[in-house]
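See below for model_20.txt, which holds compact mmCIF, N, CA and C atoms.
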```txt
# COMPACT_ATOMS: atom_id res chain seq x y z
N MET W 467 -0.12 14.40 -5.17
CA MET W 467 -0.13 13.05 -5.70
C MET W 467 1.00 12.99 -6.73
N PRO W 468 2.06 12.30 -6.40
CA PRO W 468 3.26 12.38 -7.22
C PRO W 468 3.27 11.59 -8.52
N GLY W 469 2.51 10.51 -8.65
CA GLY W 469 2.68 9.63 -9.80
C GLY W 469 1.63 9.78 -10.88
N MET W 470 1.99 10.44 -11.98
CA MET W 470 1.11 10.48 -13.14
C MET W 470 1.34 9.19 -13.92
N SER W 471 0.26 8.57 -14.35
CA SER W 471 0.37 7.30 -15.06
C SER W 471 0.95 7.49 -16.46
N ASP W 472 1.52 6.42 -16.98
CA ASP W 472 2.01 6.43 -18.36
C ASP W 472 0.88 6.79 -19.32
N TYR W 473 -0.31 6.25 -19.06
CA TYR W 473 -1.48 6.53 -19.91
C TYR W 473 -1.72 8.04 -20.01
N LEU W 474 -1.81 8.71 -18.86
CA LEU W 474 -2.12 10.14 -18.87
C LEU W 474 -0.96 10.96 -19.43
N GLU W 475 0.27 10.59 -19.10
CA GLU W 475 1.43 11.29 -19.66
C GLU W 475 1.37 11.29 -21.19
N ASN W 476 1.11 10.12 -21.77
CA ASN W 476 1.03 10.01 -23.23
C ASN W 476 -0.12 10.81 -23.80
N ARG W 477 -1.28 10.77 -23.14
CA ARG W 477 -2.45 11.51 -23.65
C ARG W 477 -2.18 13.01 -23.64
N ILE W 478 -1.60 13.51 -22.56
CA ILE W 478 -1.32 14.95 -22.46
C ILE W 478 -0.28 15.37 -23.50
N LEU W 479 0.81 14.63 -23.60
CA LEU W 479 1.85 14.97 -24.58
C LEU W 479 1.30 14.97 -26.00
N ASN W 480 0.55 13.94 -26.34
CA ASN W 480 -0.01 13.86 -27.70
C ASN W 480 -1.05 14.94 -27.95
N HIS W 481 -1.80 15.30 -26.92
CA HIS W 481 -2.81 16.35 -27.06
C HIS W 481 -2.14 17.71 -27.27
N VAL W 482 -1.19 18.04 -26.42
CA VAL W 482 -0.56 19.36 -26.47
C VAL W 482 0.40 19.50 -27.65
N LEU W 483 1.20 18.46 -27.91
CA LEU W 483 2.26 18.59 -28.90
C LEU W 483 1.91 18.08 -30.29
N LYS W 484 0.89 17.24 -30.38
CA LYS W 484 0.53 16.68 -31.68
C LYS W 484 -0.90 17.01 -32.11
N GLY W 485 -1.66 17.65 -31.21
CA GLY W 485 -3.03 17.99 -31.54
C GLY W 485 -3.99 16.82 -31.52
N THR W 486 -3.57 15.71 -30.91
CA THR W 486 -4.43 14.54 -30.81
C THR W 486 -5.53 14.82 -29.78
N ALA W 487 -6.77 14.57 -30.17
CA ALA W 487 -7.89 14.85 -29.27
C ALA W 487 -7.79 14.00 -28.00
N TYR W 488 -8.13 14.62 -26.88
CA TYR W 488 -8.22 13.92 -25.60
C TYR W 488 -9.57 14.27 -24.99
N THR W 489 -10.38 13.27 -24.76
CA THR W 489 -11.69 13.49 -24.17
C THR W 489 -11.57 13.48 -22.65
N VAL W 490 -12.02 14.56 -22.04
CA VAL W 490 -11.97 14.67 -20.59
C VAL W 490 -12.91 13.63 -19.99
N PRO W 491 -12.47 12.91 -18.95
CA PRO W 491 -13.34 11.90 -18.33
C PRO W 491 -14.62 12.52 -17.78
N ALA W 492 -15.70 11.76 -17.85
CA ALA W 492 -16.98 12.21 -17.30
C ALA W 492 -16.93 12.28 -15.78
N GLY W 493 -16.06 11.50 -15.17
CA GLY W 493 -15.91 11.50 -13.72
C GLY W 493 -14.54 10.98 -13.35
N ILE W 494 -14.12 11.31 -12.12
CA ILE W 494 -12.86 10.81 -11.58
C ILE W 494 -13.20 10.01 -10.33
N TYR W 495 -12.52 8.88 -10.16
CA TYR W 495 -12.84 7.95 -9.07
C TYR W 495 -11.59 7.56 -8.30
N VAL W 496 -11.70 7.53 -6.98
CA VAL W 496 -10.59 7.13 -6.11
C VAL W 496 -10.65 5.62 -5.92
N ALA W 497 -9.49 4.98 -6.07
CA ALA W 497 -9.35 3.54 -5.86
C ALA W 497 -8.34 3.31 -4.74
N LEU W 498 -8.51 2.22 -4.02
CA LEU W 498 -7.59 1.83 -2.96
C LEU W 498 -6.78 0.63 -3.41
N PHE W 499 -5.49 0.61 -3.07
CA PHE W 499 -4.60 -0.47 -3.48
C PHE W 499 -3.88 -1.07 -2.28
N THR W 500 -3.59 -2.37 -2.38
CA THR W 500 -2.78 -3.05 -1.37
C THR W 500 -1.34 -3.23 -1.85
N SER W 501 -1.04 -2.72 -3.03
CA SER W 501 0.33 -2.68 -3.55
C SER W 501 0.44 -1.50 -4.51
N ASP W 502 1.65 -1.13 -4.83
CA ASP W 502 1.91 0.03 -5.69
C ASP W 502 1.33 -0.19 -7.08
N PRO W 503 0.42 0.68 -7.54
CA PRO W 503 -0.14 0.52 -8.88
C PRO W 503 0.87 0.85 -9.98
N THR W 504 1.94 1.53 -9.68
CA THR W 504 2.98 1.96 -10.62
C THR W 504 2.41 2.85 -11.72
N ASP W 505 3.29 3.49 -12.45
CA ASP W 505 2.86 4.34 -13.57
C ASP W 505 2.17 3.55 -14.67
N ALA W 506 2.44 2.25 -14.71
CA ALA W 506 1.85 1.38 -15.75
C ALA W 506 0.43 0.93 -15.39
N GLY W 507 -0.02 1.23 -14.17
CA GLY W 507 -1.38 0.85 -13.78
C GLY W 507 -1.51 -0.58 -13.31
N THR W 508 -0.40 -1.18 -12.89
CA THR W 508 -0.45 -2.52 -12.32
C THR W 508 -0.61 -2.38 -10.81
N GLY W 509 -0.57 -3.45 -10.09
CA GLY W 509 -0.77 -3.39 -8.65
C GLY W 509 -2.07 -4.05 -8.30
N THR W 510 -2.31 -4.22 -7.02
CA THR W 510 -3.50 -4.94 -6.58
C THR W 510 -4.51 -3.98 -5.97
N GLU W 511 -5.61 -3.77 -6.69
CA GLU W 511 -6.69 -2.94 -6.17
C GLU W 511 -7.52 -3.78 -5.21
N VAL W 512 -8.00 -3.15 -4.15
CA VAL W 512 -8.90 -3.83 -3.21
C VAL W 512 -10.08 -4.38 -4.00
N SER W 513 -10.59 -5.54 -3.59
CA SER W 513 -11.78 -6.10 -4.23
C SER W 513 -12.59 -6.85 -3.19
N GLY W 514 -13.86 -7.03 -3.47
CA GLY W 514 -14.75 -7.77 -2.58
C GLY W 514 -15.09 -6.99 -1.33
N GLY W 515 -15.90 -7.60 -0.49
CA GLY W 515 -16.24 -7.00 0.80
C GLY W 515 -16.93 -5.65 0.70
N ALA W 516 -17.74 -5.44 -0.35
CA ALA W 516 -18.50 -4.20 -0.60
C ALA W 516 -17.63 -3.06 -1.12
N TYR W 517 -16.38 -3.35 -1.46
CA TYR W 517 -15.49 -2.30 -1.98
C TYR W 517 -15.98 -1.79 -3.34
N ALA W 518 -15.88 -0.49 -3.52
CA ALA W 518 -16.14 0.14 -4.82
C ALA W 518 -15.38 1.46 -4.87
N ARG W 519 -14.87 1.78 -6.04
CA ARG W 519 -14.26 3.10 -6.23
C ARG W 519 -15.29 4.17 -5.92
N GLN W 520 -14.80 5.32 -5.48
CA GLN W 520 -15.69 6.41 -5.11
C GLN W 520 -15.41 7.65 -5.96
N ALA W 521 -16.50 8.30 -6.37
CA ALA W 521 -16.38 9.53 -7.15
C ALA W 521 -15.73 10.61 -6.30
N VAL W 522 -14.95 11.47 -6.96
CA VAL W 522 -14.27 12.55 -6.27
C VAL W 522 -14.33 13.80 -7.14
N THR W 523 -14.40 14.95 -6.49
CA THR W 523 -14.38 16.22 -7.21
C THR W 523 -13.18 17.03 -6.71
N PHE W 524 -12.68 17.88 -7.59
CA PHE W 524 -11.51 18.69 -7.27
C PHE W 524 -11.83 20.17 -7.39
N ASN W 525 -11.13 20.96 -6.59
CA ASN W 525 -11.22 22.41 -6.69
C ASN W 525 -10.52 22.87 -7.96
N THR W 526 -10.79 24.09 -8.38
CA THR W 526 -10.10 24.67 -9.53
C THR W 526 -8.61 24.79 -9.21
N ALA W 527 -7.77 24.38 -10.14
CA ALA W 527 -6.33 24.42 -9.93
C ALA W 527 -5.82 25.86 -9.90
N THR W 528 -4.88 26.11 -9.00
CA THR W 528 -4.17 27.38 -8.95
C THR W 528 -2.70 27.08 -8.70
N ILE W 529 -1.84 27.81 -9.36
CA ILE W 529 -0.39 27.66 -9.23
C ILE W 529 0.02 26.20 -9.41
N GLY W 530 -0.61 25.51 -10.35
CA GLY W 530 -0.23 24.15 -10.69
C GLY W 530 -0.65 23.07 -9.72
N ALA W 531 -1.63 23.37 -8.87
CA ALA W 531 -2.06 22.36 -7.89
C ALA W 531 -3.57 22.43 -7.67
N THR W 532 -4.12 21.30 -7.28
CA THR W 532 -5.53 21.22 -6.91
C THR W 532 -5.69 20.18 -5.80
N ALA W 533 -6.82 20.23 -5.11
CA ALA W 533 -7.10 19.28 -4.03
C ALA W 533 -8.57 18.91 -4.06
N THR W 534 -8.89 17.81 -3.41
CA THR W 534 -10.27 17.35 -3.39
C THR W 534 -11.17 18.39 -2.73
N ALA W 535 -12.37 18.54 -3.29
CA ALA W 535 -13.31 19.55 -2.83
C ALA W 535 -14.24 19.05 -1.73
N ALA W 536 -14.37 17.75 -1.58
CA ALA W 536 -15.29 17.18 -0.59
C ALA W 536 -14.70 15.89 -0.03
N ASP W 537 -15.24 15.47 1.11
CA ASP W 537 -14.84 14.19 1.70
C ASP W 537 -15.15 13.05 0.74
N VAL W 538 -14.35 11.99 0.81
CA VAL W 538 -14.60 10.75 0.05
C VAL W 538 -14.83 9.66 1.08
N LEU W 539 -16.00 9.04 1.04
CA LEU W 539 -16.37 8.01 2.01
C LEU W 539 -16.59 6.69 1.28
N PHE W 540 -15.77 5.70 1.62
CA PHE W 540 -15.92 4.37 1.04
C PHE W 540 -16.98 3.61 1.83
N PRO W 541 -17.59 2.58 1.24
CA PRO W 541 -18.58 1.79 1.98
C PRO W 541 -17.93 1.03 3.13
N VAL W 542 -18.74 0.63 4.08
CA VAL W 542 -18.26 -0.20 5.19
C VAL W 542 -17.82 -1.54 4.61
N ALA W 543 -16.62 -1.97 4.98
CA ALA W 543 -16.10 -3.25 4.50
C ALA W 543 -16.90 -4.39 5.11
N THR W 544 -17.44 -5.26 4.27
CA THR W 544 -18.18 -6.43 4.77
C THR W 544 -17.27 -7.64 4.93
N ALA W 545 -16.04 -7.52 4.46
CA ALA W 545 -14.98 -8.51 4.64
C ALA W 545 -13.67 -7.72 4.67
N ALA W 546 -12.63 -8.32 5.20
CA ALA W 546 -11.34 -7.62 5.28
C ALA W 546 -10.85 -7.22 3.89
N TRP W 547 -10.34 -6.00 3.77
CA TRP W 547 -9.80 -5.49 2.51
C TRP W 547 -8.28 -5.61 2.46
N GLY W 548 -7.66 -6.06 3.53
CA GLY W 548 -6.21 -6.11 3.59
C GLY W 548 -5.65 -4.79 4.06
N THR W 549 -4.38 -4.57 3.81
CA THR W 549 -3.72 -3.33 4.20
C THR W 549 -3.60 -2.42 2.99
N VAL W 550 -4.28 -1.29 3.05
CA VAL W 550 -4.27 -0.32 1.96
C VAL W 550 -2.98 0.50 2.07
N THR W 551 -2.21 0.52 0.98
CA THR W 551 -0.92 1.20 0.97
C THR W 551 -0.86 2.36 -0.02
N HIS W 552 -1.74 2.35 -1.03
CA HIS W 552 -1.71 3.35 -2.10
C HIS W 552 -3.13 3.73 -2.50
N ILE W 553 -3.26 4.89 -3.13
CA ILE W 553 -4.52 5.27 -3.76
C ILE W 553 -4.23 5.60 -5.22
N GLY W 554 -5.28 5.52 -6.02
CA GLY W 554 -5.17 5.87 -7.43
C GLY W 554 -6.40 6.64 -7.86
N LEU W 555 -6.25 7.45 -8.88
CA LEU W 555 -7.37 8.16 -9.49
C LEU W 555 -7.60 7.56 -10.87
N PHE W 556 -8.84 7.16 -11.13
CA PHE W 556 -9.22 6.52 -12.39
C PHE W 556 -10.25 7.35 -13.14
N ASP W 557 -10.39 7.07 -14.42
CA ASP W 557 -11.38 7.76 -15.25
C ASP W 557 -12.67 6.96 -15.40
N ALA W 558 -12.85 5.92 -14.60
CA ALA W 558 -14.07 5.10 -14.65
C ALA W 558 -14.29 4.44 -13.29
N VAL W 559 -15.54 4.15 -13.00
CA VAL W 559 -15.87 3.52 -11.72
C VAL W 559 -15.40 2.07 -11.67
N THR W 560 -15.33 1.40 -12.81
CA THR W 560 -14.72 0.07 -12.92
C THR W 560 -13.88 0.06 -14.19
N GLY W 561 -12.84 -0.74 -14.21
CA GLY W 561 -11.97 -0.75 -15.39
C GLY W 561 -11.35 0.61 -15.58
N GLY W 562 -11.38 1.10 -16.81
CA GLY W 562 -10.87 2.43 -17.09
C GLY W 562 -9.36 2.52 -17.03
N ASN W 563 -8.89 3.75 -16.91
CA ASN W 563 -7.46 4.04 -16.95
C ASN W 563 -7.00 4.74 -15.67
N LEU W 564 -5.89 4.28 -15.13
CA LEU W 564 -5.26 4.96 -14.01
C LEU W 564 -4.73 6.30 -14.51
N LEU W 565 -5.00 7.37 -13.74
CA LEU W 565 -4.51 8.70 -14.10
C LEU W 565 -3.34 9.12 -13.21
N PHE W 566 -3.51 8.98 -11.91
CA PHE W 566 -2.50 9.33 -10.92
C PHE W 566 -2.51 8.28 -9.82
N SER W 567 -1.38 8.14 -9.12
CA SER W 567 -1.34 7.28 -7.94
C SER W 567 -0.36 7.84 -6.94
N SER W 568 -0.52 7.40 -5.68
CA SER W 568 0.36 7.85 -4.62
C SER W 568 0.37 6.85 -3.48
N VAL W 569 1.50 6.76 -2.81
CA VAL W 569 1.60 5.95 -1.60
C VAL W 569 0.94 6.73 -0.46
N LEU W 570 0.29 6.02 0.45
CA LEU W 570 -0.29 6.66 1.62
C LEU W 570 0.81 7.02 2.61
N THR W 571 0.63 8.09 3.34
CA THR W 571 1.57 8.46 4.39
C THR W 571 1.66 7.35 5.43
N THR W 572 0.50 6.78 5.76
CA THR W 572 0.42 5.67 6.71
C THR W 572 -0.48 4.60 6.12
N SER W 573 0.02 3.37 6.04
CA SER W 573 -0.81 2.25 5.57
C SER W 573 -1.97 2.05 6.52
N LYS W 574 -3.07 1.51 6.00
CA LYS W 574 -4.28 1.32 6.81
C LYS W 574 -4.81 -0.09 6.62
N SER W 575 -4.82 -0.87 7.70
CA SER W 575 -5.43 -2.19 7.69
C SER W 575 -6.94 -2.00 7.78
N VAL W 576 -7.68 -2.69 6.91
CA VAL W 576 -9.13 -2.51 6.86
C VAL W 576 -9.81 -3.85 7.14
N PRO W 577 -10.20 -4.09 8.40
CA PRO W 577 -10.94 -5.32 8.73
C PRO W 577 -12.42 -5.15 8.39
N ALA W 578 -13.16 -6.24 8.41
CA ALA W 578 -14.61 -6.17 8.21
C ALA W 578 -15.19 -5.21 9.25
N GLY W 579 -16.14 -4.38 8.82
CA GLY W 579 -16.79 -3.42 9.71
C GLY W 579 -16.13 -2.06 9.73
N ASP W 580 -14.95 -1.93 9.13
CA ASP W 580 -14.24 -0.66 9.09
C ASP W 580 -14.67 0.13 7.85
N GLN W 581 -14.39 1.43 7.89
CA GLN W 581 -14.75 2.30 6.78
C GLN W 581 -13.64 3.33 6.59
N ILE W 582 -13.28 3.58 5.35
CA ILE W 582 -12.24 4.57 5.06
C ILE W 582 -12.90 5.87 4.62
N LYS W 583 -12.43 6.96 5.25
CA LYS W 583 -12.87 8.30 4.87
C LYS W 583 -11.62 9.11 4.55
N ILE W 584 -11.64 9.78 3.41
CA ILE W 584 -10.55 10.68 3.03
C ILE W 584 -11.12 12.10 3.09
N ASN W 585 -10.56 12.91 3.95
CA ASN W 585 -11.08 14.26 4.15
C ASN W 585 -10.85 15.15 2.94
N ALA W 586 -11.75 16.10 2.75
CA ALA W 586 -11.59 17.10 1.70
C ALA W 586 -10.22 17.74 1.83
N GLY W 587 -9.55 17.91 0.71
CA GLY W 587 -8.23 18.53 0.71
C GLY W 587 -7.08 17.58 0.93
N ASP W 588 -7.37 16.34 1.33
CA ASP W 588 -6.28 15.39 1.62
C ASP W 588 -5.68 14.74 0.38
N ILE W 589 -6.37 14.77 -0.73
CA ILE W 589 -5.78 14.29 -1.99
C ILE W 589 -5.44 15.53 -2.80
N THR W 590 -4.15 15.70 -3.06
CA THR W 590 -3.70 16.84 -3.85
C THR W 590 -2.99 16.34 -5.10
N VAL W 591 -3.17 17.07 -6.17
CA VAL W 591 -2.49 16.77 -7.43
C VAL W 591 -1.73 18.03 -7.82
N THR W 592 -0.43 17.87 -8.05
CA THR W 592 0.44 18.99 -8.39
C THR W 592 1.21 18.67 -9.66
N LEU W 593 1.30 19.62 -10.56
CA LEU W 593 2.13 19.49 -11.76
C LEU W 593 3.21 20.55 -11.70
N ASP W 594 4.44 20.15 -11.93
CA ASP W 594 5.57 21.10 -11.96
C ASP W 594 6.13 21.18 -13.35
```
Hey, can you dump this file as structure tokens for me?
Amino acid sequence: MPGMSDYLENRILNHVLKGTAYTVPAGIYVALFTSDPTDAGTGTEVSGGAYARQAVTFNTATIGATATAADVLFPVATAAWGTVTHIGLFDAVTGGNLLFSSVLTTSKSVPAGDQIKINAGDITVTLD
């Protein structure tokens, strides 16, 4: 996942270099976007049609990288969600702060009745 948000960049820098406390999120949630959320956390997140961010867990990082530990299954869309182009990781199930974002390898049109599943290991976060 290539894009660390401005929010997280600032929190990490201030924590490591200035000793400013950073509280680890109680949970991490995957969000779907129909436009690029950018490092600033803008963009259009899917809404309506039974959409909700989904909790995700990660394996222990090794060599500067980690990946999702389990499948992520979104609810069945009860109305069209549009074309999903990006995903984001947030620190809250609603609202909250964008932590990371990435463009999908292949955009996915989500009509009513469709369901998105992200397989374990398909979301990776790498720091260099």
One-decimal distance in Å that lies between CA of Ile529 in chain W and atom C of His481 in chain W: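 Those two atoms sit 20.7 Å apart.
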Residues within 5 Å of (-14.0, 6.7, 0.5), file coords, only N, CA and C atoms, listed as a ChimeraX atom specification: /W:538-540,582-584
Spatial sel., origin (2.4, -2.8, -3.6), limit 12 Å, only C-alpha atoms, listed as a list in words: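 Collected hits near the coordinates: Leu498, Phe499, Thr500, Ser501, Asp502, Pro503, Thr504, Gly507, Thr508, Gly509, Thr510, Glu511, Val512, Gly548, Thr549, Val550, Thr551, His552, Ile553, Ser567, Ser568, Val569, Leu570 and Ser573 of chain W.
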Atom-to-atom span, atom C of Ala586 in chain W and CA of Thr532 in chain W, Å: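 About the pair atom C of Ala586 in chain W and CA of Thr532 in chain W: they are 10.5 Å apart.
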Computed interatomic separation between atom N of Thr590 in chain W and CA of Pro491 in chain W (Å):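 If I compute the distance from atom N of Thr590 in chain W to CA of Pro491 in chain W, I get 18.2 Å.
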Selected residue, from W:Pro541, W:Gly485, W:Gly493, W:Pro577, that lies nearest to Phe556 in chain W when counting only C-alpha atoms: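 Among the listed residues, W:Gly493 lies closest to Phe556 in chain W.
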In range 509-580 of chain W, DSSP strand (DSSP E) residues written as a PyMOL selection string: chain W and resi 520-522+531-533+538-539+548-556+564-576
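The smallest atom-to-atom distance between Ala558 in chain W and any of W:Gln581, W:Thr592, W:Ser575, W:Tyr495, using only N, CA and C atoms, is found for W:Tyr495.
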Long-range neighbours of Leu565 in chain W as a PyMOL selection string, 6.5 Å cut-off, all atoms listed in the file, 2 positions minimum in chain: chain W and resi 469-471+474+554-557+563+567
Dump N, CA and C atoms for the selected residues as a compact mmCIF listing (two decimals), keeping the file's coordinate frame?
```txt
# COMPACT_ATOMS: atom_id res chain seq x y z
N GLY W 469 2.51 10.51 -8.65
CA GLY W 469 2.68 9.63 -9.80
C GLY W 469 1.63 9.78 -10.88
N MET W 470 1.99 10.44 -11.98
CA MET W 470 1.11 10.48 -13.14
C MET W 470 1.34 9.19 -13.92
N SER W 471 0.26 8.57 -14.35
CA SER W 471 0.37 7.30 -15.06
C SER W 471 0.95 7.49 -16.46
N LEU W 474 -1.81 8.71 -18.86
CA LEU W 474 -2.12 10.14 -18.87
C LEU W 474 -0.96 10.96 -19.43
N GLY W 554 -5.28 5.52 -6.02
CA GLY W 554 -5.17 5.87 -7.43
C GLY W 554 -6.40 6.64 -7.86
N LEU W 555 -6.25 7.45 -8.88
CA LEU W 555 -7.37 8.16 -9.49
C LEU W 555 -7.60 7.56 -10.87
N PHE W 556 -8.84 7.16 -11.13
CA PHE W 556 -9.22 6.52 -12.39
C PHE W 556 -10.25 7.35 -13.14
N ASP W 557 -10.39 7.07 -14.42
CA ASP W 557 -11.38 7.76 -15.25
C ASP W 557 -12.67 6.96 -15.40
N ASN W 563 -8.89 3.75 -16.91
CA ASN W 563 -7.46 4.04 -16.95
C ASN W 563 -7.00 4.74 -15.67
N SER W 567 -1.38 8.14 -9.12
CA SER W 567 -1.34 7.28 -7.94
C SER W 567 -0.36 7.84 -6.94
```
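Residues of chain W carrying a DSSP assignment of alpha helix (DSSP H), computed from the backbone, are W:Asp472, W:Tyr473, W:Leu474, W:Glu475, W:Asn476, W:Arg477, W:Ile478, W:Leu479, W:Asn480, W:His481, W:Val482, W:Leu483, W:Lys484.
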Nearest-residue call for Val496 in chain W, choices W:Gly530, W:Val522, W:Leu593, W:Val576, using only C-alpha atoms: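 Closest residue, counting only C-alpha atoms: W:Val522.
Nearest-residue note for Ile589 in chain W: choosing from W:Thr534, W:Thr572, W:Ser513, W:Thr544, the minimum distance belongs to W:Thr534, counting only N, CA and C atoms.
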